[in-house]
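Colleague: One structure coming up, written as structure tokens, with questions to follow.
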Amino acid sequence: MRVKSTLIALRELGYQIDLLCFPHGVDIEIPGVRIFRCKNPFGVQKIPIGLSWRKSLLDFSLLLEAFSLAKKEKYLLFHGIEEGAIIARLLSKTHKIPWIMDMHSSMADQIRDMNFLGSKVLSRVIHCIEKNCLKSASGVMTVSDDLTSRANSYRQTKTAYTLFDLPLPLPTPSDSQISELRTSLGITPNDKVLLYTGNLKQYQGVELLLRGFSNFLKTYADKHQPVKLVIVGGGPEEEQERAFYKNLISELNIANLTNLAGLRPSDQMGAFYSLADILVSPRLSGTNTPLKIYSYLEAQKPILATRIVSHTQVLTEQSAFLFELDPEDFAEVLSNLLLNPELQQEKVKHGLALINNQFSREVFLERLGKLYHSAIDAALRLN
């Protein structure tokens, strides 16, 4: 979705684009955008979230295809996303053409957090490569102020820009869709619904969410009308995590109030958001803001989120209910949220103002245009 937003914005700025990507997936139609896919000589079928050896194999194929395209076509600029920045850097050096580094996260941090044997050494190696790319790029775009600050600490020109994610477009559900979903989840009109959306990886904090919800039910439930927790997410590659959380739900004795709804198609998400009374993000770590936070803000529902940099660079006490990485604090903050409907509305109103003033399409387009123009102008001056 981030890449799609960038493509549409670049087309509005008047650029023609060749998009080179992995062999998997479905092509989307955007006028002025040609999609090319690298070969799959290794027969890779599934690519898990984050870094992996399977992704590395396809990255090598992507590198070969990128150089093949660069020989055939005359490009104004190269744009490398995540580890694709290394490919864009090599293309730039070979063809003497400016390039943009599109940084959605720190690859070095990802490897360090994976915590496997040798991850610390590999993280340092990747950090050196990442640092070199940041220094040499004609311009850098990131998804968070933390990444931008880090990027500019290595760059004399300070030409790294934060382009916050845009909210995902949510289809407006019909009353019948909402009613059918409510029935399928076993939710009554009297229930309050706490909704989590996202994958089930450990860093997302689903265990914290479940333990915090259990604590809330034990300590504060008698003060409130019934609250039910709905968790949406968990693809086929996350069966192990799903089994763990299913066992934990049983162990905590909250199965009658918790629904693991599984992975759902995007056309159902509007109904889930409409059904929700509270939207929760219990993420444990990271510096890049989850894409769902922008959708949460636009949905105009109270937000309950952990007080970590990943959230607080966008959310504040004015726009969300923040809690520490502690099940007891989660329970207390959730109870306070439910007891203060006026405060809920104040925070929702402030959150909508954030979307309109700081995270709008207009701001995204302006910053992207400035980044591209400055990168191209700087390259022209050098030549």
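Identifiers in this document derive from the order of the structure tokens: chains are assigned A, B, ..., residues are numbered from 1 separately in each chain, and ligands are numbered from 1 in order of occurrence.
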Can you tell me which residues surround segment 301-303 of chain A at a distance of at most 8 Å, considering only C-alpha atoms, apart from same-chain residues fewer than 2 positions away, and format the answer as an mmCIF file with C-alpha atoms, in the first residue's frame?
Modeller:
```cif
data_model
loop_
_atom_site.group_PDB
_atom_site.id
_atom_site.type_symbol
_atom_site.label_atom_id
_atom_site.label_comp_id
_atom_site.auth_asym_id
_atom_site.auth_seq_id
_atom_site.Cartn_x
_atom_site.Cartn_y
_atom_site.Cartn_z
ATOM 1 C CA ALA A 276 -15.229 -1.630 16.719
ATOM 2 C CA ASP A 277 -15.598 0.719 19.679
ATOM 3 C CA ILE A 278 -11.863 0.845 20.466
ATOM 4 C CA LEU A 279 -8.841 0.208 18.223
ATOM 5 C CA VAL A 280 -5.714 -1.201 19.851
ATOM 6 C CA SER A 281 -2.017 -1.416 18.889
ATOM 7 C CA TYR A 296 -7.091 3.987 13.108
ATOM 8 C CA LEU A 297 -6.979 7.795 13.223
ATOM 9 C CA ALA A 299 -11.640 5.635 11.432
ATOM 10 C CA ALA A 305 -1.608 2.020 22.113
ATOM 11 C CA SER A 319 -5.001 11.886 20.336
ATOM 12 C CA ALA A 320 -4.796 8.448 22.012
ATOM 13 C CA PHE A 321 -4.912 6.501 25.265
ATOM 14 C CA GLN A 344 -12.770 9.680 23.950
ATOM 15 C CA GLN A 345 -14.429 12.188 21.613
ATOM 16 C CA LYS A 347 -9.002 12.506 21.420
ATOM 17 C CA VAL A 348 -10.812 11.269 18.294
#
```
Colleague: Do a neighbour search on segment 181-190 of chain A at 9 Å with only C-alpha atoms, toss out local chain neighbours closer than 3 positions, and write the hits as an NGL selection string.
Modeller: :A and (176-178 or 193 or 225-228 or 230 or 259 or 261 or 268 or 271-272 or 275)
Colleague: Report, in Å with one decimal, the straight-line distance from atom CA of Asp377 of chain A to atom CA of Gln358 of chain A.
Modeller: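 Taking atom CA of Asp377 of chain A as the start and atom CA of Gln358 of chain A as the end point, the length is 26.3 Å.
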Colleague: Name all residues at most 7 Å from segment 167-172 of chain A (count only C-alpha atoms; drop same-chain ones fewer than 3 positions away) and give them as a list in words.
Modeller: Asp267, Met269, Gly270, Tyr294, Ser295 and Glu298 of chain A
Colleague: Please indicate the distance in Å from atom CA of Ser123 of chain A to atom CA of Asp109 of chain A, rounded to one decimal place.
Modeller: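 Computing the Euclidean distance for atom CA of Ser123 of chain A and atom CA of Asp109 of chain A yields 6.9 Å.
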Colleague: Considering only strand (DSSP E or B) as DSSP defines it on the backbone, what residues of segment 68-312 of chain A qualify? List them as an MDAnalysis selection string.
Modeller: chainID A and resid 78:81 99:103 139:142 160:162 192:197 227:232 258:262 278:281 303:306
Colleague: As an exercise, work out the distance from atom CA of Pro236 of chain A to atom CA of Ile249 of chain A in Å and give it to one decimal place.
Modeller: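 Those two atoms sit 19.7 Å apart.
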Colleague: Can you list, as a short mmCIF file (atom, residue, chain, number, x, y, z; two decimals) with C-alpha atoms, in the first residue's frame, every protein, DNA or RNA residue that comes within 6 Å of segment 211-217 of chain A when you count only C-alpha atoms, leaving out same-chain residues fewer than 5 positions away?
Modeller:
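Here's the written file selection05.cif:
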```cif
data_model
loop_
_atom_site.label_atom_id
_atom_site.label_comp_id
_atom_site.auth_asym_id
_atom_site.auth_seq_id
_atom_site.Cartn_x
_atom_site.Cartn_y
_atom_site.Cartn_z
CA PRO A 327 -0.74 -5.90 31.43
CA PHE A 330 -3.24 -1.82 29.93
CA ALA A 331 -6.18 -2.90 32.11
#
```
Colleague: Can you tell me, as a list in words, what residues are no more than 12 Å from Ser374 of chain A when counting only C-alpha atoms, ignoring any on the same chain fewer than 4 positions away?
Modeller: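 Skipping anything fewer than 4 positions along the chain leaves Leu77, Pro98, Trp99, Ile100, Ala137, Ser138, Gly139, Val140, Thr157, Lys158, Thr159, Ala160, Tyr161, Arg367, Leu368, Gly369, Lys370, Ala378, Ala379, Leu380 and Arg381 of chain A.
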Colleague: Taking C-alpha atoms for each residue, export the selection above as a PDB file, in the first residue's frame.
Modeller:
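Output below, filename again.pdb:
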```pdb
ATOM      1  CA  LEU A  77      16.537   8.499 -11.458  1.00  0.00           C
ATOM      2  CA  PRO A  98      20.954  10.023  -9.074  1.00  0.00           C
ATOM      3  CA  TRP A  99      19.077   7.713  -6.756  1.00  0.00           C
ATOM      4  CA  ILE A 100      16.560   7.838  -3.902  1.00  0.00           C
ATOM      5  CA  ALA A 137      21.992   8.678  -1.838  1.00  0.00           C
ATOM      6  CA  SER A 138      20.854  11.757  -3.762  1.00  0.00           C
ATOM      7  CA  GLY A 139      17.876  11.887  -1.400  1.00  0.00           C
ATOM      8  CA  VAL A 140      16.282   9.804   1.353  1.00  0.00           C
ATOM      9  CA  THR A 157      23.136  17.830   3.010  1.00  0.00           C
ATOM     10  CA  LYS A 158      20.418  16.807   5.520  1.00  0.00           C
ATOM     11  CA  THR A 159      18.108  15.973   2.613  1.00  0.00           C
ATOM     12  CA  ALA A 160      16.192  13.132   4.250  1.00  0.00           C
ATOM     13  CA  TYR A 161      12.435  13.657   4.439  1.00  0.00           C
ATOM     14  CA  ARG A 367       7.276  16.310   0.326  1.00  0.00           C
ATOM     15  CA  LEU A 368       7.761  13.681  -2.355  1.00  0.00           C
ATOM     16  CA  GLY A 369       7.937  16.360  -5.049  1.00  0.00           C
ATOM     17  CA  LYS A 370      10.462  18.363  -3.042  1.00  0.00           C
ATOM     18  CA  ALA A 378      21.709  18.351  -7.222  1.00  0.00           C
ATOM     19  CA  ALA A 379      22.734  15.721  -9.779  1.00  0.00           C
ATOM     20  CA  LEU A 380      22.388  18.205 -12.652  1.00  0.00           C
ATOM     21  CA  ARG A 381      24.571  20.742 -10.835  1.00  0.00           C
TER      22      ARG A 381
END
```
Colleague: Restricting the calculation to only C-alpha atoms, which member of A:Pro41, A:Asn357, A:Ser274, A:Ala66 is positioned closest to Ser174 of chain A?
Modeller: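 That would be A:Ser274, the residue with the smallest distance to Ser174 of chain A.
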Colleague: Which one of A:Arg34, A:Arg264, A:Arg155, A:Arg124 sits closest to Gln110 of chain A if you count only C-alpha atoms?
Modeller: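 Of A:Arg34, A:Arg264, A:Arg155, A:Arg124, the one nearest Gln110 of chain A, counting only C-alpha atoms, is A:Arg124.
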Colleague: Considering only C-alpha atoms, state which residue in the set A:Thr142, A:Gly32, A:Leu19, A:Gly84 is at the smallest distance from Ser56 of chain A.
Modeller: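 The shortest atom-to-atom distance to Ser56 of chain A comes from A:Gly84.
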Colleague: Of the residues A:Glu207, A:His224, A:Gly118, A:Leu325, which is the one nearest to Asn247 of chain A, using only C-alpha atoms?
Modeller: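 Ranking A:Glu207, A:His224, A:Gly118, A:Leu325 by distance to Asn247 of chain A, first place goes to A:Glu207.
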Colleague: Quick one: pick out all alpha helix (DSSP H) residues within segment 83-286 of chain A from a backbone DSSP run and write them as a PyMOL selection string.
Modeller: chain A and resi 84-95+107-114+119-136+145-152+175-185+206-219+239-251+269-275
Colleague: Using only C-alpha atoms, determine which residues lie at most 10 Å from Leu63 of chain A, disregarding the query and same-chain residues fewer than 6 positions distant; provide the list as number ranges by chain.
Modeller: A: 20, 38, 84, 86-88, 90-91
Colleague: Output C-alpha atoms for every residue in that selection, as a JSON list (two decimals), in the first residue's frame.
Modeller:
```json
[["chain", "number", "residue", "atom", "x", "y", "z"],
["A", 20, "LEU", "CA", 10.58, -3.80, -10.78],
["A", 38, "CYS", "CA", 12.30, -10.63, -11.82],
["A", 84, "GLY", "CA", 16.40, -2.49, -2.95],
["A", 86, "ILE", "CA", 21.59, -1.47, -2.32],
["A", 87, "ILE", "CA", 20.59, -2.31, -5.90],
["A", 88, "ALA", "CA", 19.72, 1.34, -6.65],
["A", 90, "LEU", "CA", 24.95, 0.00, -7.54],
["A", 91, "LEU", "CA", 22.89, 1.16, -10.54]]
```
Colleague: Quick one: of A:Lys223, A:His79, A:Lys218, A:Arg37, who's nearest to Leu252 of chain A, counting only C-alpha atoms?
Modeller: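 Selected residue with least distance to Leu252 of chain A: A:Lys218.
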